[in-house]
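Visitor: My questions will all concern the structure given below.
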Amino acid sequence: MVIAEIAKNEVIQSYRMEALRELTDQKLLADIAKNSKYSDVREEASRKLADQGAVADYSNKRVDFEYENNAELDGIEITKYTGSKKKVLIPEIIADKPVKSIRYCAFENCTGLTSVMIPDSVTKIGEAAFARCTTLSNVNISGRVTSINDFSFSSCKNLTDITIPSSVTGIGEQVFGDCIALTTITIPDSITRISDTAFYNCIRLTNVSYKGNTYSYNKEKYGLPQEFYNAINSPEIFGAQD
């Protein structure tokens, strides 16, 4: 308990972070993630909980997000990121409800953002949710997201690789458009529809895997070759052209 109190309330940052590194008890970590007045401690305690597969309760915590209750999704929708952290762990619970959605443009133009972890509670990533986050290089997408909407990660010019979870069935227009550093991506077999502009101007994309086949950027198409899109879509879906 003494170590937990130091981690939670110690004024000197190095002392509280050192104490926090020693903690593994989920109950104590959850209390710190919820109630510590120090944002660095709350975030690190939440990360440790996530690593253990636990859920941090953000019911009473001051969060760096604007959010609304979405009755259709029966949960919270994050509408805007108001913080300034480089590494962001999106909470699974806010105001006693699960975070289900990231609204369109919620993180747009967060140019200082380098890393984001999207929790398993999230099922929807809205249009342009992370567009023009120009220093974003690390994205961990929830294993329950079913659709990645138009322009979600467009112009994330520092993004080099990304893993799309097998829960996703659709990828919209220019989701990764102008991600000029993107080199590697694996498309899960669950994908049944994809826009033929999903990888527009991803000029360094050399390794795209889908069902055992590998595809590379086509300069004439400003994206991947047509046989890639045809392997996923019927020709009339999402504007695919012969």
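Ligands are numbered from 1 in the order shown, chains are lettered A, B, ... in the order of the structure tokens, and residues start at 1 in each chain.
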Show me, as a JSON list (two decimals) with all heavy atoms, in the first residue's frame, the residues that have an atom within 6 Å of Ala19 (chain A) when counting only C-alpha atoms, minus same-chain residues fewer than 3 positions from it.
Guide:
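This is the output file around.json:
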[["chain", "number", "residue", "atom", "x", "y", "z"],
["A", 3, "ILE", "N", 3.81, 1.66, -1.38],
["A", 3, "ILE", "CA", 4.29, 1.87, -2.75],
["A", 3, "ILE", "C", 3.18, 2.46, -3.62],
["A", 3, "ILE", "O", 3.41, 3.36, -4.43],
["A", 3, "ILE", "CB", 4.80, 0.54, -3.35],
["A", 3, "ILE", "CG1", 6.06, 0.09, -2.61],
["A", 3, "ILE", "CG2", 5.11, 0.71, -4.84],
["A", 3, "ILE", "CD1", 6.58, -1.25, -3.07],
["A", 7, "ALA", "N", 3.22, 5.99, -5.68],
["A", 7, "ALA", "CA", 2.94, 6.03, -7.12],
["A", 7, "ALA", "C", 1.78, 6.98, -7.42],
["A", 7, "ALA", "O", 1.79, 7.68, -8.44],
["A", 7, "ALA", "CB", 2.61, 4.63, -7.63],
["A", 16, "ARG", "N", 7.51, 8.70, -8.16],
["A", 16, "ARG", "CA", 6.20, 8.06, -8.36],
["A", 16, "ARG", "C", 6.24, 7.06, -9.51],
["A", 16, "ARG", "O", 5.60, 6.02, -9.46],
["A", 16, "ARG", "CB", 5.09, 9.10, -8.54],
["A", 16, "ARG", "CG", 5.16, 10.01, -9.74],
["A", 16, "ARG", "CD", 3.93, 10.93, -9.81],
["A", 16, "ARG", "NE", 3.95, 11.80, -10.95],
["A", 16, "ARG", "CZ", 4.35, 13.09, -10.91],
["A", 16, "ARG", "NH1", 4.74, 13.63, -9.76],
["A", 16, "ARG", "NH2", 4.34, 13.81, -12.01],
["A", 22, "GLU", "N", 6.92, -0.94, -9.93],
["A", 22, "GLU", "CA", 6.95, -2.12, -9.06],
["A", 22, "GLU", "C", 5.57, -2.72, -8.85],
["A", 22, "GLU", "O", 5.45, -3.85, -8.37],
["A", 22, "GLU", "CB", 7.54, -1.74, -7.70],
["A", 22, "GLU", "CG", 9.01, -1.30, -7.76],
["A", 22, "GLU", "CD", 9.57, -1.01, -6.39],
["A", 22, "GLU", "OE1", 9.08, -1.61, -5.42],
["A", 22, "GLU", "OE2", 10.50, -0.18, -6.29]]
Visitor: Compile the contact shell of region 230-233 of chain A as a list in words: residues with an atom at most 12 Å away, counting only C-alpha atoms, same-chain residues fewer than 5 positions apart removed.
Guide: Thr169, Gly170, Ile171, Ile187, Pro188, Asp189, Ser190, Ile191, Thr192, Arg193, Ile194, Ser195, Asp196, Ser209, Tyr210, Lys211, Gly212, Asn213, Thr214, Tyr215, Leu224, Pro225, Phe238, Gly239, Ala240, Gln241 and Asp242 of chain A
Visitor: Excluding Asp120 (chain A) and its own-chain neighbours fewer than 6 positions away, which residues fall within 12 Å of it when counting only C-alpha atoms? Please give them as a list in words.
Guide: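 My list of contacting residues is Ala50, Gly53, Ala54, Val55, Leu89, Ile90, Pro91, Glu92, Ile93, Pro98, Val99, Lys100, Ser101, Asn140, Ile141, Ser142, Gly143, Arg144, Val145, Thr146, Pro165 and Ser167 of chain A.
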Visitor: Can you write out the residues you just picked, keeping N, CA, C and O atoms, as a short mmCIF file (atom, residue, chain, number, x, y, z; two decimals), in the first residue's frame?
Guide:
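Saved result, selection23.cif, follows:
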data_model
loop_
_atom_site.label_atom_id
_atom_site.label_comp_id
_atom_site.auth_asym_id
_atom_site.auth_seq_id
_atom_site.Cartn_x
_atom_site.Cartn_y
_atom_site.Cartn_z
N ALA A 50 -3.81 -2.51 -19.32
CA ALA A 50 -4.09 -3.02 -20.67
C ALA A 50 -3.16 -4.18 -21.02
O ALA A 50 -3.58 -5.17 -21.64
N GLY A 53 -4.48 -7.24 -19.77
CA GLY A 53 -5.81 -7.60 -20.27
C GLY A 53 -6.94 -7.07 -19.42
O GLY A 53 -8.07 -7.51 -19.53
N ALA A 54 -6.63 -6.10 -18.54
CA ALA A 54 -7.65 -5.53 -17.67
C ALA A 54 -8.16 -4.22 -18.26
O ALA A 54 -7.59 -3.67 -19.20
N VAL A 55 -9.25 -3.73 -17.68
CA VAL A 55 -9.88 -2.50 -18.16
C VAL A 55 -9.74 -1.41 -17.11
O VAL A 55 -10.11 -1.61 -15.95
N LEU A 89 -3.28 6.62 -24.98
CA LEU A 89 -4.02 5.39 -24.74
C LEU A 89 -5.49 5.77 -24.59
O LEU A 89 -5.87 6.40 -23.61
N ILE A 90 -6.30 5.43 -25.58
CA ILE A 90 -7.73 5.75 -25.50
C ILE A 90 -8.37 4.84 -24.46
O ILE A 90 -8.18 3.63 -24.51
N PRO A 91 -9.11 5.41 -23.51
CA PRO A 91 -9.68 4.57 -22.45
C PRO A 91 -10.79 3.67 -22.96
O PRO A 91 -11.46 3.97 -23.94
N GLU A 92 -10.98 2.54 -22.28
CA GLU A 92 -12.08 1.64 -22.62
C GLU A 92 -13.39 2.08 -22.00
O GLU A 92 -14.46 1.77 -22.54
N ILE A 93 -13.31 2.78 -20.88
CA ILE A 93 -14.51 3.19 -20.16
C ILE A 93 -14.42 4.66 -19.79
O ILE A 93 -13.40 5.12 -19.28
N PRO A 98 -18.78 1.92 -21.89
CA PRO A 98 -17.68 1.56 -22.79
C PRO A 98 -17.51 2.55 -23.93
O PRO A 98 -18.50 3.07 -24.46
N VAL A 99 -16.27 2.82 -24.29
CA VAL A 99 -15.98 3.67 -25.44
C VAL A 99 -16.13 2.82 -26.69
O VAL A 99 -15.39 1.87 -26.90
N LYS A 100 -17.10 3.17 -27.55
CA LYS A 100 -17.43 2.34 -28.71
C LYS A 100 -16.98 2.93 -30.04
O LYS A 100 -16.81 2.20 -31.01
N SER A 101 -16.80 4.25 -30.09
CA SER A 101 -16.56 4.86 -31.39
C SER A 101 -15.63 6.07 -31.28
O SER A 101 -15.61 6.77 -30.26
N ASN A 140 -2.18 1.01 -32.84
CA ASN A 140 -2.67 -0.30 -32.42
C ASN A 140 -4.19 -0.27 -32.50
O ASN A 140 -4.85 0.38 -31.69
N ILE A 141 -4.76 -0.97 -33.48
CA ILE A 141 -6.21 -0.92 -33.73
C ILE A 141 -6.92 -2.02 -32.96
O ILE A 141 -6.47 -3.17 -32.94
N SER A 142 -8.04 -1.67 -32.38
CA SER A 142 -8.86 -2.61 -31.64
C SER A 142 -9.19 -3.86 -32.44
O SER A 142 -9.44 -3.81 -33.64
N GLY A 143 -9.22 -4.98 -31.75
CA GLY A 143 -9.57 -6.25 -32.39
C GLY A 143 -11.06 -6.43 -32.62
O GLY A 143 -11.51 -7.50 -33.05
N ARG A 144 -11.86 -5.37 -32.33
CA ARG A 144 -13.30 -5.44 -32.57
C ARG A 144 -13.79 -4.44 -33.60
O ARG A 144 -14.98 -4.39 -33.91
N VAL A 145 -12.89 -3.62 -34.13
CA VAL A 145 -13.28 -2.66 -35.17
C VAL A 145 -13.71 -3.43 -36.42
O VAL A 145 -13.02 -4.34 -36.87
N THR A 146 -14.87 -3.07 -36.96
CA THR A 146 -15.39 -3.78 -38.14
C THR A 146 -15.22 -2.99 -39.43
O THR A 146 -15.20 -3.59 -40.50
N PRO A 165 -6.82 -5.63 -37.96
CA PRO A 165 -7.32 -6.83 -37.27
C PRO A 165 -8.33 -7.59 -38.11
O PRO A 165 -8.96 -7.04 -39.02
N SER A 167 -11.16 -8.52 -37.45
CA SER A 167 -12.56 -8.11 -37.25
C SER A 167 -13.04 -7.17 -38.35
O SER A 167 -14.24 -7.02 -38.58
#
Visitor: Report, in Å to a single decimal, how far apart CA of Glu77 (chain A) and CA of Ile102 (chain A) are.
Guide: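 The value is 5.7 Å.
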Visitor: Return as a PyMOL selection string the full set of residues in region 82-200 of chain A whose backbone-based DSSP assignment is strand (DSSP E or B).
Guide: chain A and resi 87-89+93-94+97-102+115-117+124-125+138-140+147-148+161-163+170-171+184-187+193-194
